[in-house]
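See below for the structure under consideration.
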Protein chains: 2
Amino acid sequence: MENYTPSLDAAFHSLADPTRRAVISRLTRGPAAVKELAAPFDMGLPAFMKHLSVLERDGLIASEKVGRVRTCRVRPERLAVAESWLSEQRQLWQARTDRLADYVETQMTGSDTDAD
Amino acid sequence: MENYTPSLDAAFHSLADPTRRAVISRLTRGPAAVKELAAPFDMGLPAFMKHLSVLERDGLIASEKVGRVRTCRVRPERLAVAESWLSEQRQLWQARTDRLADYVETQMTGSDTDAD
């Protein structure tokens with residue numbers, strides 16, 4: 001059974017929304033003020049701020065307020081946890097298909113052995 | 001603005017739950033019957049079946065019924081879409097930190113230039 005992994009739950013939850021993914025994509029290019037982040041979206045500021053809250057609560061971004069300006073940055077180490085999990089699954093699957101391929105090859109070349 | 005990507009929404013949505021991730025992990029090792037998949041979980045079959053429905057609707061698994069036995073398999077190409085997205089973000093971030101490092105190095109070695 002898998003261990004309890006709240007950070008994976010949270011990371012994948014945040015990533016299931018296209019606005020939140022677009023914010024992450026923007027922040028991988030460098031920190032940005034909330035106003036700048038919100039500009040490309042056809043959405044009211046309260047709705048947009050809610051997405052930022054979710055991203056911050058889920059640990060994928062951090063923010064800091066200086067004077068009247070709140071600046072956000074991505075937390076790449078949290079994205080890395082999600083990517084590692086997916087990469088691990090791919091490796092497990094790949095290992096299995098490699099073993100299957102080896103088995104099929106053994107059956108085809110070892111023609112003096114019965115294979116039913 | 002990011003393109004509309006329903007398969008990413010769906011994949012990340014499914015992955016935000018530890019039971020569903022555990023099912024995926026099991027299926028990367030090979031297809032399995034529902035009964036076998038459900039066995040390790042301390043959860044009623046209806047609740048477990050609901051998780052399988054979500055995974056199937058979100059495109060991460062497929063299932064086939066032969067006689068009375070329903071067998072599930074993972075759809076690795078859908079996991080790959082999610083992994084690629086995360087990998088792309090990491091590369092963007094890495095490219096940025098590399099550029100920052102280059103800049104700092106330039107400033108430190110080019111001592112005849114003012115850097116304030």
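Labels used: A, B, ... for chains in the order of the structure tokens, numbers from 1 for residues in each chain, and numbers from 1 for ligands as shown.
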
Show me, as an NGL selection string, every residue of chain B with an atom at most 8 Å from chain A, counting only C-alpha atoms.
:B and (1-2 or 4-5 or 8-13 or 15-18 or 22 or 24-25 or 28-30 or 40-41 or 76 or 79-80 or 82-83 or 86-87 or 89-90 or 92-93 or 96)

Can you superpose chain B onto chain A by least squares over all C-alpha atoms paired in order and give the moved copy as a compact mmCIF listing (two decimals) with N, CA and C atoms, in the first residue's frame?
```
# COMPACT_ATOMS: atom_id res chain seq x y z
N MET B 1 0.87 -1.21 0.13
CA MET B 1 0.01 0.00 0.13
C MET B 1 0.90 1.25 0.13
N GLU B 2 0.52 2.22 -0.65
CA GLU B 2 1.30 3.45 -0.76
C GLU B 2 1.27 4.23 0.56
N ASN B 3 2.40 4.85 0.89
CA ASN B 3 2.42 5.72 2.07
C ASN B 3 1.52 6.93 1.85
N TYR B 4 1.10 7.53 2.93
CA TYR B 4 0.29 8.75 2.86
C TYR B 4 1.19 9.89 2.38
N THR B 5 0.80 10.50 1.31
CA THR B 5 1.66 11.50 0.69
C THR B 5 0.86 12.75 0.38
N PRO B 6 0.61 13.57 1.43
CA PRO B 6 -0.23 14.75 1.23
C PRO B 6 0.32 15.70 0.18
N SER B 7 1.67 15.75 0.02
CA SER B 7 2.19 16.71 -0.95
C SER B 7 1.88 16.28 -2.38
N LEU B 8 1.82 14.97 -2.64
CA LEU B 8 1.42 14.50 -3.97
C LEU B 8 -0.06 14.79 -4.22
N ASP B 9 -0.91 14.50 -3.23
CA ASP B 9 -2.34 14.82 -3.36
C ASP B 9 -2.49 16.29 -3.73
N ALA B 10 -1.81 17.14 -2.98
CA ALA B 10 -1.96 18.58 -3.15
C ALA B 10 -1.42 19.04 -4.50
N ALA B 11 -0.25 18.55 -4.86
CA ALA B 11 0.36 18.99 -6.13
C ALA B 11 -0.53 18.61 -7.30
N PHE B 12 -0.97 17.35 -7.35
CA PHE B 12 -1.80 16.92 -8.48
C PHE B 12 -3.15 17.65 -8.47
N HIS B 13 -3.68 17.92 -7.28
CA HIS B 13 -4.93 18.66 -7.20
C HIS B 13 -4.79 20.03 -7.86
N SER B 14 -3.73 20.75 -7.51
CA SER B 14 -3.52 22.08 -8.10
C SER B 14 -3.34 22.01 -9.61
N LEU B 15 -2.67 20.98 -10.07
CA LEU B 15 -2.33 20.88 -11.50
C LEU B 15 -3.51 20.48 -12.39
N ALA B 16 -4.63 20.11 -11.76
CA ALA B 16 -5.80 19.65 -12.53
C ALA B 16 -6.61 20.80 -13.13
N ASP B 17 -6.10 22.00 -13.03
CA ASP B 17 -6.84 23.16 -13.55
C ASP B 17 -5.98 23.94 -14.55
N PRO B 18 -6.55 24.29 -15.72
CA PRO B 18 -5.73 24.94 -16.77
C PRO B 18 -5.23 26.33 -16.38
N THR B 19 -6.01 27.08 -15.60
CA THR B 19 -5.54 28.40 -15.15
C THR B 19 -4.33 28.24 -14.23
N ARG B 20 -4.46 27.29 -13.30
CA ARG B 20 -3.34 27.09 -12.35
C ARG B 20 -2.10 26.58 -13.08
N ARG B 21 -2.29 25.70 -14.09
CA ARG B 21 -1.10 25.25 -14.84
C ARG B 21 -0.47 26.42 -15.61
N ALA B 22 -1.31 27.30 -16.14
CA ALA B 22 -0.77 28.45 -16.89
C ALA B 22 0.02 29.37 -15.95
N VAL B 23 -0.44 29.51 -14.71
CA VAL B 23 0.30 30.33 -13.73
C VAL B 23 1.66 29.69 -13.45
N ILE B 24 1.65 28.38 -13.25
CA ILE B 24 2.92 27.67 -13.01
C ILE B 24 3.87 27.88 -14.20
N SER B 25 3.35 27.70 -15.41
CA SER B 25 4.19 27.87 -16.61
C SER B 25 4.79 29.27 -16.65
N ARG B 26 3.99 30.26 -16.32
CA ARG B 26 4.51 31.63 -16.32
C ARG B 26 5.61 31.79 -15.27
N LEU B 27 5.39 31.22 -14.08
CA LEU B 27 6.34 31.42 -12.98
C LEU B 27 7.64 30.63 -13.15
N THR B 28 7.62 29.59 -13.99
CA THR B 28 8.89 28.89 -14.25
C THR B 28 9.85 29.81 -15.01
N ARG B 29 9.30 30.87 -15.63
CA ARG B 29 10.14 31.84 -16.35
C ARG B 29 10.65 32.95 -15.42
N GLY B 30 10.19 32.92 -14.16
CA GLY B 30 10.63 33.92 -13.19
C GLY B 30 9.48 34.44 -12.36
N PRO B 31 9.78 35.01 -11.16
CA PRO B 31 8.73 35.52 -10.28
C PRO B 31 7.92 36.63 -10.97
N ALA B 32 6.69 36.83 -10.50
CA ALA B 32 5.85 37.86 -11.11
C ALA B 32 4.87 38.40 -10.07
N ALA B 33 4.49 39.66 -10.22
CA ALA B 33 3.49 40.29 -9.36
C ALA B 33 2.11 39.74 -9.73
N VAL B 34 1.21 39.72 -8.74
CA VAL B 34 -0.14 39.20 -8.96
C VAL B 34 -0.80 39.89 -10.16
N LYS B 35 -0.67 41.20 -10.22
CA LYS B 35 -1.31 41.96 -11.30
C LYS B 35 -0.84 41.48 -12.68
N GLU B 36 0.46 41.27 -12.79
CA GLU B 36 1.04 40.80 -14.07
C GLU B 36 0.55 39.38 -14.37
N LEU B 37 0.50 38.53 -13.32
CA LEU B 37 0.03 37.15 -13.51
C LEU B 37 -1.41 37.10 -13.99
N ALA B 38 -2.23 37.99 -13.44
CA ALA B 38 -3.66 37.97 -13.73
C ALA B 38 -3.98 38.50 -15.13
N ALA B 39 -3.11 39.37 -15.66
CA ALA B 39 -3.42 40.11 -16.89
C ALA B 39 -3.91 39.24 -18.07
N PRO B 40 -3.27 38.07 -18.36
CA PRO B 40 -3.71 37.33 -19.56
C PRO B 40 -5.06 36.65 -19.41
N PHE B 41 -5.63 36.63 -18.20
CA PHE B 41 -6.83 35.82 -17.96
C PHE B 41 -8.10 36.65 -18.04
N ASP B 42 -9.08 36.11 -18.71
CA ASP B 42 -10.38 36.76 -18.85
C ASP B 42 -11.23 36.31 -17.65
N MET B 43 -10.89 36.83 -16.49
CA MET B 43 -11.49 36.34 -15.23
C MET B 43 -11.36 37.46 -14.20
N GLY B 44 -12.35 37.60 -13.34
CA GLY B 44 -12.27 38.63 -12.32
C GLY B 44 -11.12 38.38 -11.35
N LEU B 45 -10.60 39.45 -10.74
CA LEU B 45 -9.47 39.29 -9.83
C LEU B 45 -9.78 38.37 -8.65
N PRO B 46 -11.00 38.46 -8.06
CA PRO B 46 -11.28 37.54 -6.93
C PRO B 46 -11.18 36.06 -7.33
N ALA B 47 -11.72 35.72 -8.52
CA ALA B 47 -11.64 34.33 -8.99
C ALA B 47 -10.19 33.94 -9.22
N PHE B 48 -9.41 34.86 -9.79
CA PHE B 48 -8.01 34.57 -10.06
C PHE B 48 -7.23 34.39 -8.75
N MET B 49 -7.52 35.27 -7.77
CA MET B 49 -6.85 35.18 -6.46
C MET B 49 -7.14 33.84 -5.79
N LYS B 50 -8.35 33.32 -6.03
CA LYS B 50 -8.70 32.02 -5.45
C LYS B 50 -7.77 30.93 -6.02
N HIS B 51 -7.49 31.00 -7.31
CA HIS B 51 -6.54 30.04 -7.90
C HIS B 51 -5.15 30.16 -7.27
N LEU B 52 -4.73 31.42 -7.04
CA LEU B 52 -3.41 31.61 -6.42
C LEU B 52 -3.40 31.04 -5.00
N SER B 53 -4.52 31.22 -4.27
CA SER B 53 -4.61 30.66 -2.91
C SER B 53 -4.47 29.15 -2.93
N VAL B 54 -5.15 28.52 -3.90
CA VAL B 54 -5.08 27.06 -4.01
C VAL B 54 -3.64 26.63 -4.29
N LEU B 55 -2.99 27.31 -5.23
CA LEU B 55 -1.60 26.97 -5.56
C LEU B 55 -0.68 27.14 -4.36
N GLU B 56 -0.93 28.18 -3.57
CA GLU B 56 -0.07 28.43 -2.42
C GLU B 56 -0.34 27.41 -1.31
N ARG B 57 -1.61 27.12 -1.06
CA ARG B 57 -1.99 26.13 -0.06
C ARG B 57 -1.46 24.74 -0.44
N ASP B 58 -1.51 24.43 -1.74
CA ASP B 58 -1.03 23.14 -2.22
C ASP B 58 0.50 23.08 -2.33
N GLY B 59 1.13 24.19 -2.03
CA GLY B 59 2.60 24.20 -1.92
C GLY B 59 3.35 24.41 -3.22
N LEU B 60 2.65 24.70 -4.32
CA LEU B 60 3.35 24.82 -5.61
C LEU B 60 3.91 26.22 -5.87
N ILE B 61 3.36 27.21 -5.17
CA ILE B 61 3.93 28.56 -5.28
C ILE B 61 4.09 29.15 -3.89
N ALA B 62 4.91 30.17 -3.79
CA ALA B 62 5.03 30.96 -2.56
C ALA B 62 4.86 32.41 -2.96
N SER B 63 4.45 33.26 -2.01
CA SER B 63 4.30 34.67 -2.35
C SER B 63 4.79 35.53 -1.19
N GLU B 64 5.15 36.76 -1.53
CA GLU B 64 5.66 37.70 -0.55
C GLU B 64 5.13 39.08 -0.89
N LYS B 65 4.68 39.81 0.13
CA LYS B 65 4.13 41.13 -0.13
C LYS B 65 5.14 42.19 0.33
N VAL B 66 5.47 43.08 -0.57
CA VAL B 66 6.35 44.20 -0.23
C VAL B 66 5.59 45.47 -0.60
N GLY B 67 5.30 46.27 0.40
CA GLY B 67 4.46 47.45 0.17
C GLY B 67 3.09 46.97 -0.27
N ARG B 68 2.64 47.43 -1.44
CA ARG B 68 1.32 47.02 -1.93
C ARG B 68 1.40 45.91 -2.97
N VAL B 69 2.62 45.48 -3.26
CA VAL B 69 2.79 44.51 -4.35
C VAL B 69 3.09 43.10 -3.82
N ARG B 70 2.23 42.14 -4.19
CA ARG B 70 2.48 40.74 -3.84
C ARG B 70 3.13 40.04 -5.03
N THR B 71 4.30 39.44 -4.78
CA THR B 71 5.05 38.76 -5.84
C THR B 71 5.02 37.26 -5.59
N CYS B 72 4.77 36.50 -6.65
CA CYS B 72 4.71 35.04 -6.54
C CYS B 72 5.92 34.40 -7.21
N ARG B 73 6.31 33.25 -6.66
CA ARG B 73 7.35 32.44 -7.30
C ARG B 73 6.95 30.98 -7.23
N VAL B 74 7.44 30.21 -8.19
CA VAL B 74 7.15 28.78 -8.22
C VAL B 74 8.03 28.06 -7.20
N ARG B 75 7.57 26.91 -6.70
CA ARG B 75 8.41 26.08 -5.82
C ARG B 75 8.75 24.81 -6.59
N PRO B 76 9.84 24.84 -7.36
CA PRO B 76 10.13 23.74 -8.28
C PRO B 76 10.31 22.40 -7.58
N GLU B 77 10.73 22.43 -6.31
CA GLU B 77 10.95 21.16 -5.59
C GLU B 77 9.63 20.40 -5.40
N ARG B 78 8.51 21.14 -5.37
CA ARG B 78 7.21 20.48 -5.22
C ARG B 78 6.73 19.89 -6.55
N LEU B 79 7.05 20.59 -7.64
CA LEU B 79 6.74 20.02 -8.96
C LEU B 79 7.59 18.77 -9.18
N ALA B 80 8.82 18.80 -8.67
CA ALA B 80 9.73 17.66 -8.85
C ALA B 80 9.20 16.40 -8.18
N VAL B 81 8.52 16.55 -7.05
CA VAL B 81 7.95 15.39 -6.36
C VAL B 81 6.91 14.71 -7.25
N ALA B 82 6.07 15.52 -7.88
CA ALA B 82 5.03 14.97 -8.76
C ALA B 82 5.66 14.33 -10.00
N GLU B 83 6.66 15.01 -10.57
CA GLU B 83 7.32 14.45 -11.76
C GLU B 83 8.02 13.13 -11.43
N SER B 84 8.66 13.07 -10.26
CA SER B 84 9.36 11.83 -9.85
C SER B 84 8.39 10.67 -9.73
N TRP B 85 7.22 10.94 -9.16
CA TRP B 85 6.25 9.87 -9.01
C TRP B 85 5.87 9.30 -10.39
N LEU B 86 5.58 10.20 -11.33
CA LEU B 86 5.20 9.76 -12.67
C LEU B 86 6.35 9.02 -13.37
N SER B 87 7.55 9.53 -13.18
CA SER B 87 8.72 8.91 -13.80
C SER B 87 8.93 7.49 -13.26
N GLU B 88 8.70 7.33 -11.96
CA GLU B 88 8.82 6.01 -11.33
C GLU B 88 7.82 5.02 -11.94
N GLN B 89 6.59 5.48 -12.15
CA GLN B 89 5.57 4.60 -12.74
C GLN B 89 5.98 4.18 -14.15
N ARG B 90 6.51 5.16 -14.90
CA ARG B 90 6.92 4.86 -16.28
C ARG B 90 8.03 3.82 -16.28
N GLN B 91 8.98 3.96 -15.33
CA GLN B 91 10.09 3.00 -15.28
C GLN B 91 9.60 1.60 -14.92
N LEU B 92 8.63 1.51 -14.01
CA LEU B 92 8.07 0.21 -13.65
C LEU B 92 7.40 -0.43 -14.87
N TRP B 93 6.65 0.38 -15.59
CA TRP B 93 5.95 -0.13 -16.75
C TRP B 93 6.94 -0.55 -17.82
N GLN B 94 7.98 0.29 -18.01
CA GLN B 94 8.99 0.00 -19.03
C GLN B 94 9.72 -1.31 -18.69
N ALA B 95 10.03 -1.49 -17.42
CA ALA B 95 10.72 -2.71 -16.99
C ALA B 95 9.87 -3.93 -17.32
N ARG B 96 8.57 -3.80 -17.12
CA ARG B 96 7.68 -4.92 -17.41
C ARG B 96 7.63 -5.22 -18.90
N THR B 97 7.49 -4.20 -19.74
CA THR B 97 7.41 -4.45 -21.18
C THR B 97 8.75 -5.00 -21.69
N ASP B 98 9.86 -4.55 -21.10
CA ASP B 98 11.16 -5.12 -21.49
C ASP B 98 11.22 -6.60 -21.16
N ARG B 99 10.73 -6.98 -19.98
CA ARG B 99 10.73 -8.40 -19.59
C ARG B 99 9.85 -9.21 -20.53
N LEU B 100 8.69 -8.66 -20.89
CA LEU B 100 7.80 -9.36 -21.83
C LEU B 100 8.48 -9.57 -23.18
N ALA B 101 9.17 -8.52 -23.65
CA ALA B 101 9.86 -8.62 -24.94
C ALA B 101 10.95 -9.70 -24.88
N ASP B 102 11.70 -9.72 -23.77
CA ASP B 102 12.74 -10.74 -23.59
C ASP B 102 12.13 -12.14 -23.63
N TYR B 103 11.00 -12.27 -22.95
CA TYR B 103 10.34 -13.58 -22.88
C TYR B 103 9.92 -14.05 -24.28
N VAL B 104 9.29 -13.13 -25.03
CA VAL B 104 8.83 -13.48 -26.39
C VAL B 104 10.02 -13.89 -27.25
N GLU B 105 11.11 -13.13 -27.13
CA GLU B 105 12.31 -13.43 -27.92
C GLU B 105 12.85 -14.81 -27.57
N THR B 106 12.89 -15.13 -26.28
CA THR B 106 13.37 -16.44 -25.81
C THR B 106 12.52 -17.54 -26.42
N GLN B 107 11.20 -17.35 -26.41
CA GLN B 107 10.30 -18.35 -26.95
C GLN B 107 10.50 -18.55 -28.45
N MET B 108 10.80 -17.43 -29.16
CA MET B 108 10.92 -17.52 -30.62
C MET B 108 12.25 -18.12 -31.04
N THR B 109 13.33 -17.86 -30.27
CA THR B 109 14.65 -18.36 -30.67
C THR B 109 14.88 -19.78 -30.15
N GLY B 110 14.37 -20.05 -28.95
CA GLY B 110 14.54 -21.40 -28.39
C GLY B 110 13.52 -22.36 -29.00
N SER B 111 13.69 -22.69 -30.31
CA SER B 111 12.64 -23.41 -31.06
C SER B 111 12.52 -24.88 -30.66
N ASP B 112 13.51 -25.39 -29.89
CA ASP B 112 13.40 -26.79 -29.46
C ASP B 112 12.55 -26.94 -28.19
N THR B 113 12.07 -25.79 -27.67
CA THR B 113 11.21 -25.82 -26.48
C THR B 113 9.75 -25.65 -26.90
N ASP B 114 8.88 -26.41 -26.29
CA ASP B 114 7.44 -26.22 -26.55
C ASP B 114 6.96 -24.92 -25.90
N ALA B 115 6.22 -24.13 -26.64
CA ALA B 115 5.66 -22.90 -26.04
C ALA B 115 4.19 -22.79 -26.41
N ASP B 116 3.33 -23.27 -25.55
CA ASP B 116 1.90 -23.09 -25.84
C ASP B 116 1.18 -22.40 -24.68
```

Could you please write out, as a ChimeraX atom specification, every residue of chain A that DSSP assigns to alpha helix (DSSP H)?
/A:6-15,18-27,34-38,45-57,76-109

Take the residues that were just selected and, keeping C-alpha atoms, output them as a PDB file, in the first residue's frame.
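Printed below is out_33.pdb as written:
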```
ATOM      1  CA  PRO A   6      -0.259  14.744   1.196  1.00  0.00           C
ATOM      2  CA  SER A   7       2.169  16.692  -0.987  1.00  0.00           C
ATOM      3  CA  LEU A   8       1.389  14.491  -4.011  1.00  0.00           C
ATOM      4  CA  ASP A   9      -2.365  14.801  -3.391  1.00  0.00           C
ATOM      5  CA  ALA A  10      -1.975  18.565  -3.174  1.00  0.00           C
ATOM      6  CA  ALA A  11       0.348  18.972  -6.155  1.00  0.00           C
ATOM      7  CA  PHE A  12      -1.826  16.919  -8.508  1.00  0.00           C
ATOM      8  CA  HIS A  13      -4.955  18.652  -7.231  1.00  0.00           C
ATOM      9  CA  SER A  14      -3.540  22.076  -8.111  1.00  0.00           C
ATOM     10  CA  LEU A  15      -2.342  20.893 -11.522  1.00  0.00           C
ATOM     11  CA  PRO A  18      -5.735  24.970 -16.773  1.00  0.00           C
ATOM     12  CA  THR A  19      -5.531  28.436 -15.151  1.00  0.00           C
ATOM     13  CA  ARG A  20      -3.344  27.123 -12.356  1.00  0.00           C
ATOM     14  CA  ARG A  21      -1.116  25.275 -14.843  1.00  0.00           C
ATOM     15  CA  ALA A  22      -0.768  28.476 -16.875  1.00  0.00           C
ATOM     16  CA  VAL A  23       0.310  30.350 -13.721  1.00  0.00           C
ATOM     17  CA  ILE A  24       2.924  27.670 -13.010  1.00  0.00           C
ATOM     18  CA  SER A  25       4.178  27.892 -16.604  1.00  0.00           C
ATOM     19  CA  ARG A  26       4.527  31.654 -16.297  1.00  0.00           C
ATOM     20  CA  LEU A  27       6.353  31.425 -12.959  1.00  0.00           C
ATOM     21  CA  VAL A  34      -0.126  39.199  -8.939  1.00  0.00           C
ATOM     22  CA  LYS A  35      -1.287  41.969 -11.292  1.00  0.00           C
ATOM     23  CA  GLU A  36       1.060  40.791 -14.033  1.00  0.00           C
ATOM     24  CA  LEU A  37       0.051  37.147 -13.483  1.00  0.00           C
ATOM     25  CA  ALA A  38      -3.644  37.977 -13.706  1.00  0.00           C
ATOM     26  CA  LEU A  45      -9.449  39.299  -9.825  1.00  0.00           C
ATOM     27  CA  PRO A  46     -11.270  37.548  -6.919  1.00  0.00           C
ATOM     28  CA  ALA A  47     -11.638  34.347  -8.976  1.00  0.00           C
ATOM     29  CA  PHE A  48      -8.006  34.574 -10.051  1.00  0.00           C
ATOM     30  CA  MET A  49      -6.837  35.176  -6.459  1.00  0.00           C
ATOM     31  CA  LYS A  50      -8.686  32.030  -5.453  1.00  0.00           C
ATOM     32  CA  HIS A  51      -6.544  30.040  -7.899  1.00  0.00           C
ATOM     33  CA  LEU A  52      -3.398  31.594  -6.413  1.00  0.00           C
ATOM     34  CA  SER A  53      -4.600  30.650  -2.901  1.00  0.00           C
ATOM     35  CA  VAL A  54      -5.086  27.049  -4.008  1.00  0.00           C
ATOM     36  CA  LEU A  55      -1.612  26.965  -5.567  1.00  0.00           C
ATOM     37  CA  GLU A  56      -0.070  28.405  -2.401  1.00  0.00           C
ATOM     38  CA  ARG A  57      -2.008  26.106  -0.051  1.00  0.00           C
ATOM     39  CA  PRO A  76      10.132  23.714  -8.285  1.00  0.00           C
ATOM     40  CA  GLU A  77      10.942  21.140  -5.597  1.00  0.00           C
ATOM     41  CA  ARG A  78       7.207  20.458  -5.239  1.00  0.00           C
ATOM     42  CA  LEU A  79       6.736  20.007  -8.972  1.00  0.00           C
ATOM     43  CA  ALA A  80       9.722  17.650  -8.867  1.00  0.00           C
ATOM     44  CA  VAL A  81       7.929  15.369  -6.380  1.00  0.00           C
ATOM     45  CA  ALA A  82       5.014  14.966  -8.802  1.00  0.00           C
ATOM     46  CA  GLU A  83       7.302  14.444 -11.801  1.00  0.00           C
ATOM     47  CA  SER A  84       9.335  11.819  -9.900  1.00  0.00           C
ATOM     48  CA  TRP A  85       6.216   9.857  -9.066  1.00  0.00           C
ATOM     49  CA  LEU A  86       5.174   9.765 -12.736  1.00  0.00           C
ATOM     50  CA  SER A  87       8.687   8.923 -13.861  1.00  0.00           C
ATOM     51  CA  GLU A  88       8.795   6.012 -11.404  1.00  0.00           C
ATOM     52  CA  GLN A  89       5.538   4.609 -12.814  1.00  0.00           C
ATOM     53  CA  ARG A  90       6.910   4.873 -16.358  1.00  0.00           C
ATOM     54  CA  GLN A  91      10.070   3.009 -15.356  1.00  0.00           C
ATOM     55  CA  LEU A  92       8.036   0.222 -13.729  1.00  0.00           C
ATOM     56  CA  TRP A  93       5.908  -0.106 -16.841  1.00  0.00           C
ATOM     57  CA  GLN A  94       8.960   0.013 -19.105  1.00  0.00           C
ATOM     58  CA  ALA A  95      10.699  -2.689 -17.068  1.00  0.00           C
ATOM     59  CA  ARG A  96       7.639  -4.884 -17.493  1.00  0.00           C
ATOM     60  CA  THR A  97       7.392  -4.410 -21.272  1.00  0.00           C
ATOM     61  CA  ASP A  98      11.153  -5.082 -21.562  1.00  0.00           C
ATOM     62  CA  ARG A  99      10.699  -8.353 -19.665  1.00  0.00           C
ATOM     63  CA  LEU A 100       7.793  -9.311 -21.921  1.00  0.00           C
ATOM     64  CA  ALA A 101       9.877  -8.568 -25.022  1.00  0.00           C
ATOM     65  CA  ASP A 102      12.738 -10.701 -23.664  1.00  0.00           C
ATOM     66  CA  TYR A 103      10.320 -13.529 -22.958  1.00  0.00           C
ATOM     67  CA  VAL A 104       8.832 -13.416 -26.464  1.00  0.00           C
ATOM     68  CA  GLU A 105      12.305 -13.378 -27.998  1.00  0.00           C
ATOM     69  CA  THR A 106      13.363 -16.372 -25.887  1.00  0.00           C
ATOM     70  CA  GLN A 107      10.299 -18.285 -27.033  1.00  0.00           C
ATOM     71  CA  MET A 108      10.943 -17.457 -30.688  1.00  0.00           C
ATOM     72  CA  THR A 109      14.655 -18.306 -30.730  1.00  0.00           C
TER      73      THR A 109
END
```

Mind the document's chain letters and residue numbers, and return as a VMD selection string the residues of region 43-93 of chain B that DSSP labels strand (DSSP E or B).
chain B and resid 61 to 66 69 to 74
